[in-house]
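**Student:** One structure coming up, written as structure tokens, with questions to follow.
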Amino acid sequence: MGGTEPSLPDGATRAWIGLGANLGERAAALRQAVQALAALPGTQVLRASSLYRSAPVDAGGPDYLNAVVEIATRLDAHALLAALQTIENGAGRERPYRNAPRTLDLDILLYGDERIATPQLAVPHPRMFERAFVLLPLAELAPARVPPEALRAVAAQAIARCQDSGWVKG
Ligand code: A4P
Ligand code: MG
């Protein structure tokens with residue numbers, strides 16, 4: 001995949017959101033999250049990557065399902081973060097400790113070309129370039145933003161693309 005990025009509505013910023021789940025009905029949670037993103041004010045889902053199954057990185061628990069979606073949004077980055085946290089909480093997300101297994105995790109990977117470093121928000125996501133479960137799906141949508149050396153660096157991580165006919169890829 002890759003190719004030309006879909007055009008942006010006026011006043012919108014292109015952003016890439018990482019989705020992950022390793023508890024509960026994982027695929028259903030990710031599908032519902034895509035619908036919830038599409039329903040945010042001033043926001044459109046432009047494309048979704050394939051779905052991937054990956055072993056937990058720096059964490060324990062069951063395998064994850066992960067994907068990346070490309071959105072166009074008029075929300076500023078902090079408003080988008082707050083909206084993502086509301087969606088996570090609606091999916092029953094609990095936070096007993098850092099990197100705990102979760103029903104839904106939504107991270108802002110990239111927000112246009114912005115670099116953000118506030119106490120609440122770091123963009124680009126500080127750990128994204130170390131993680132195959134981010135880089136492989138992101139490379140489907142935005143290959144120019146995934147350096148080949150970063151892909152090589154995560155090549156040993158256990159991850160597989162899922163053949164899920166019910167997924168929203170497109
Ligand atoms: N925050 C800062 N920057 C961001 C950002 N760009 N996007 C802050 C989203 N949130 C951001 O997040 C903690 C705080 O990070 C938020 O309050 C926000 O203000 P959280 O989601 O509550 O907690 P967390 O998930 O434990 O932290 P985080 O940072 O999301 O963890 P990671 O580093 O993303 O790791 N292995 C596999 N295979 N697949 C996974 O999806 N995920 C993790 C989580 C670990 N291992 C994994 C996976
Ligand atoms: Mg998170």
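Chain lettering (A, B, ...) mirrors the order of the structure tokens, residue numbering begins at 1 for each chain separately, and ligand numbering begins at 1 in order of display.
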So which residues touch Ala160 (chain A) within 7 Å, counting only C-alpha atoms, skipping near sequence neighbours fewer than 6 positions away, as a ChimeraX atom specification?
**Tutor:** /A:52-54
**Student:** Can you pull out the residues contacting region 58-65 of chain A? Cut-off 9 Å, using only C-alpha atoms, and skip same-chain residues under 3 positions away; I want them as an MDAnalysis selection string.
**Tutor:** chainID A and resid 19:23 26:27 30 51:55 98:101 133 162
**Student:** Which of these residues is nearest to ligand 2, using only C-alpha atoms and all ligand atoms: A:Ile116, A:Val146, A:Leu75, A:Leu109?
**Tutor:**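 Ranking A:Ile116, A:Val146, A:Leu75, A:Leu109 by distance to ligand 2, first place goes to A:Leu109.
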**Student:** Please determine, counting only C-alpha atoms, which residue among A:Ala155, A:Ala117, A:Ala38, A:Leu8 has the shortest atom-to-atom distance to Val69 (chain A).
**Tutor:** A:Ala38
**Student:** Do you know which residues are within 10 Å of ligand 2 using only C-alpha atoms and all ligand atoms? Can you write them as a list in words?
**Tutor:** Gly18, Leu19, Gly20, Leu81, Leu84, Gln85, Glu88, Arg95, Arg98, Asn99, Arg102, Leu104, Asp105, Leu106, Asp107, Ile108 and His125 of chain A
**Student:** Residues of chain A in alpha helix (DSSP H) according to DSSP, as an NGL selection string?
**Tutor:** :A and (26-38 or 77-90 or 132-141 or 148-153)
**Student:** Take the residues from that selection and put them in a file with C-alpha atoms, as a PDB file, in the first residue's frame.
**Tutor:**
```pdb
ATOM      1  CA  ARG A  26      -9.737  -7.252  20.868  1.00  0.00           C
ATOM      2  CA  ALA A  27     -10.804  -7.029  17.220  1.00  0.00           C
ATOM      3  CA  ALA A  28     -14.248  -5.737  18.158  1.00  0.00           C
ATOM      4  CA  ALA A  29     -12.684  -3.102  20.422  1.00  0.00           C
ATOM      5  CA  LEU A  30     -10.429  -1.875  17.613  1.00  0.00           C
ATOM      6  CA  ARG A  31     -13.332  -1.789  15.120  1.00  0.00           C
ATOM      7  CA  GLN A  32     -15.445   0.188  17.566  1.00  0.00           C
ATOM      8  CA  ALA A  33     -12.543   2.549  18.203  1.00  0.00           C
ATOM      9  CA  VAL A  34     -12.318   3.326  14.483  1.00  0.00           C
ATOM     10  CA  GLN A  35     -16.046   4.120  14.477  1.00  0.00           C
ATOM     11  CA  ALA A  36     -15.620   6.316  17.552  1.00  0.00           C
ATOM     12  CA  LEU A  37     -12.735   8.192  15.901  1.00  0.00           C
ATOM     13  CA  ALA A  38     -14.893   8.798  12.823  1.00  0.00           C
ATOM     14  CA  ALA A  77      -3.489  17.825  19.488  1.00  0.00           C
ATOM     15  CA  HIS A  78      -4.425  18.181  23.175  1.00  0.00           C
ATOM     16  CA  ALA A  79      -8.151  18.109  22.410  1.00  0.00           C
ATOM     17  CA  LEU A  80      -7.537  15.005  20.302  1.00  0.00           C
ATOM     18  CA  LEU A  81      -5.653  13.350  23.200  1.00  0.00           C
ATOM     19  CA  ALA A  82      -8.551  14.087  25.560  1.00  0.00           C
ATOM     20  CA  ALA A  83     -10.993  12.621  23.022  1.00  0.00           C
ATOM     21  CA  LEU A  84      -8.864   9.468  22.680  1.00  0.00           C
ATOM     22  CA  GLN A  85      -8.820   9.021  26.455  1.00  0.00           C
ATOM     23  CA  THR A  86     -12.621   9.334  26.546  1.00  0.00           C
ATOM     24  CA  ILE A  87     -12.880   6.603  23.897  1.00  0.00           C
ATOM     25  CA  GLU A  88     -10.415   4.398  25.856  1.00  0.00           C
ATOM     26  CA  ASN A  89     -12.419   4.838  29.053  1.00  0.00           C
ATOM     27  CA  GLY A  90     -15.632   3.988  27.197  1.00  0.00           C
ATOM     28  CA  ALA A 132       7.292  -3.150  14.999  1.00  0.00           C
ATOM     29  CA  PHE A 133       3.615  -3.063  16.029  1.00  0.00           C
ATOM     30  CA  VAL A 134       3.632   0.671  15.191  1.00  0.00           C
ATOM     31  CA  LEU A 135       6.079   0.813  12.291  1.00  0.00           C
ATOM     32  CA  LEU A 136       4.688  -2.010  10.142  1.00  0.00           C
ATOM     33  CA  PRO A 137       1.102  -0.709  10.046  1.00  0.00           C
ATOM     34  CA  LEU A 138       2.284   2.924   9.772  1.00  0.00           C
ATOM     35  CA  ALA A 139       4.516   1.994   6.826  1.00  0.00           C
ATOM     36  CA  GLU A 140       1.426   0.726   4.953  1.00  0.00           C
ATOM     37  CA  LEU A 141      -0.141   4.192   5.175  1.00  0.00           C
ATOM     38  CA  PRO A 148      14.079   1.718   6.405  1.00  0.00           C
ATOM     39  CA  GLU A 149      16.708   1.565   9.156  1.00  0.00           C
ATOM     40  CA  ALA A 150      13.954   1.823  11.780  1.00  0.00           C
ATOM     41  CA  LEU A 151      12.136  -1.107  10.159  1.00  0.00           C
ATOM     42  CA  ARG A 152      15.373  -3.110  10.125  1.00  0.00           C
ATOM     43  CA  ALA A 153      15.929  -2.348  13.818  1.00  0.00           C
TER      44      ALA A 153
END
```
**Student:** Region 11-114 of chain A: which residues are strand (DSSP E or B) by DSSP, as a PyMOL selection string?
**Tutor:** chain A and resi 13-21+43-48+52-54+64-73+105-111
**Student:** Could you write out that same residue set with C-alpha atoms as a tab-separated table (two decimals), in the first residue's frame?
**Tutor:**
```
chain	number	residue	atom	x	y	z
A	13	THR	CA	-4.40	18.26	10.22
A	14	ARG	CA	-3.41	14.76	9.15
A	15	ALA	CA	-2.64	12.55	12.13
A	16	TRP	CA	-1.84	8.89	12.67
A	17	ILE	CA	-3.31	7.04	15.64
A	18	GLY	CA	-1.93	3.77	17.03
A	19	LEU	CA	-4.57	1.32	18.26
A	20	GLY	CA	-3.83	-1.62	20.55
A	21	ALA	CA	-5.71	-4.13	22.69
A	43	THR	CA	-12.67	14.41	12.31
A	44	GLN	CA	-12.63	11.91	9.45
A	45	VAL	CA	-10.96	8.51	9.27
A	46	LEU	CA	-9.07	8.52	5.97
A	47	ARG	CA	-7.50	5.04	5.96
A	48	ALA	CA	-6.79	2.09	8.20
A	52	TYR	CA	-1.49	-7.14	13.25
A	53	ARG	CA	-1.03	-9.65	16.05
A	54	SER	CA	2.07	-9.02	18.17
A	64	TYR	CA	-1.91	-7.71	21.25
A	65	LEU	CA	-3.89	-6.78	18.20
A	66	ASN	CA	-2.56	-3.52	16.76
A	67	ALA	CA	-3.34	-1.24	13.84
A	68	VAL	CA	-2.81	2.35	12.74
A	69	VAL	CA	-5.39	4.71	11.30
A	70	GLU	CA	-4.87	7.94	9.41
A	71	ILE	CA	-7.29	10.70	10.32
A	72	ALA	CA	-7.97	14.28	9.28
A	73	THR	CA	-8.98	16.38	12.25
A	105	ASP	CA	-4.96	1.92	23.93
A	106	LEU	CA	-5.06	4.88	21.54
A	107	ASP	CA	-1.85	6.81	21.04
A	108	ILE	CA	-1.16	9.85	18.88
A	109	LEU	CA	1.82	8.72	16.82
A	110	LEU	CA	2.16	11.76	14.54
A	111	TYR	CA	0.16	15.00	14.32
```
**Student:** Which residue out of A:Ala142, A:Met128, A:Lys169, A:Ser7 has the minimum interatomic distance to Val154 (chain A) when only C-alpha atoms are used?
**Tutor:**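 Nearest candidate to Val154 (chain A) out of A:Ala142, A:Met128, A:Lys169, A:Ser7: A:Met128.
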**Student:** Would you mind telling me which residue in A:Ser50, A:Pro124, A:Gly92, A:Gly42 lies nearest to Arg161 (chain A) when using only C-alpha atoms?
**Tutor:**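 Checking each candidate against Arg161 (chain A), we get A:Ser50 as the closest.
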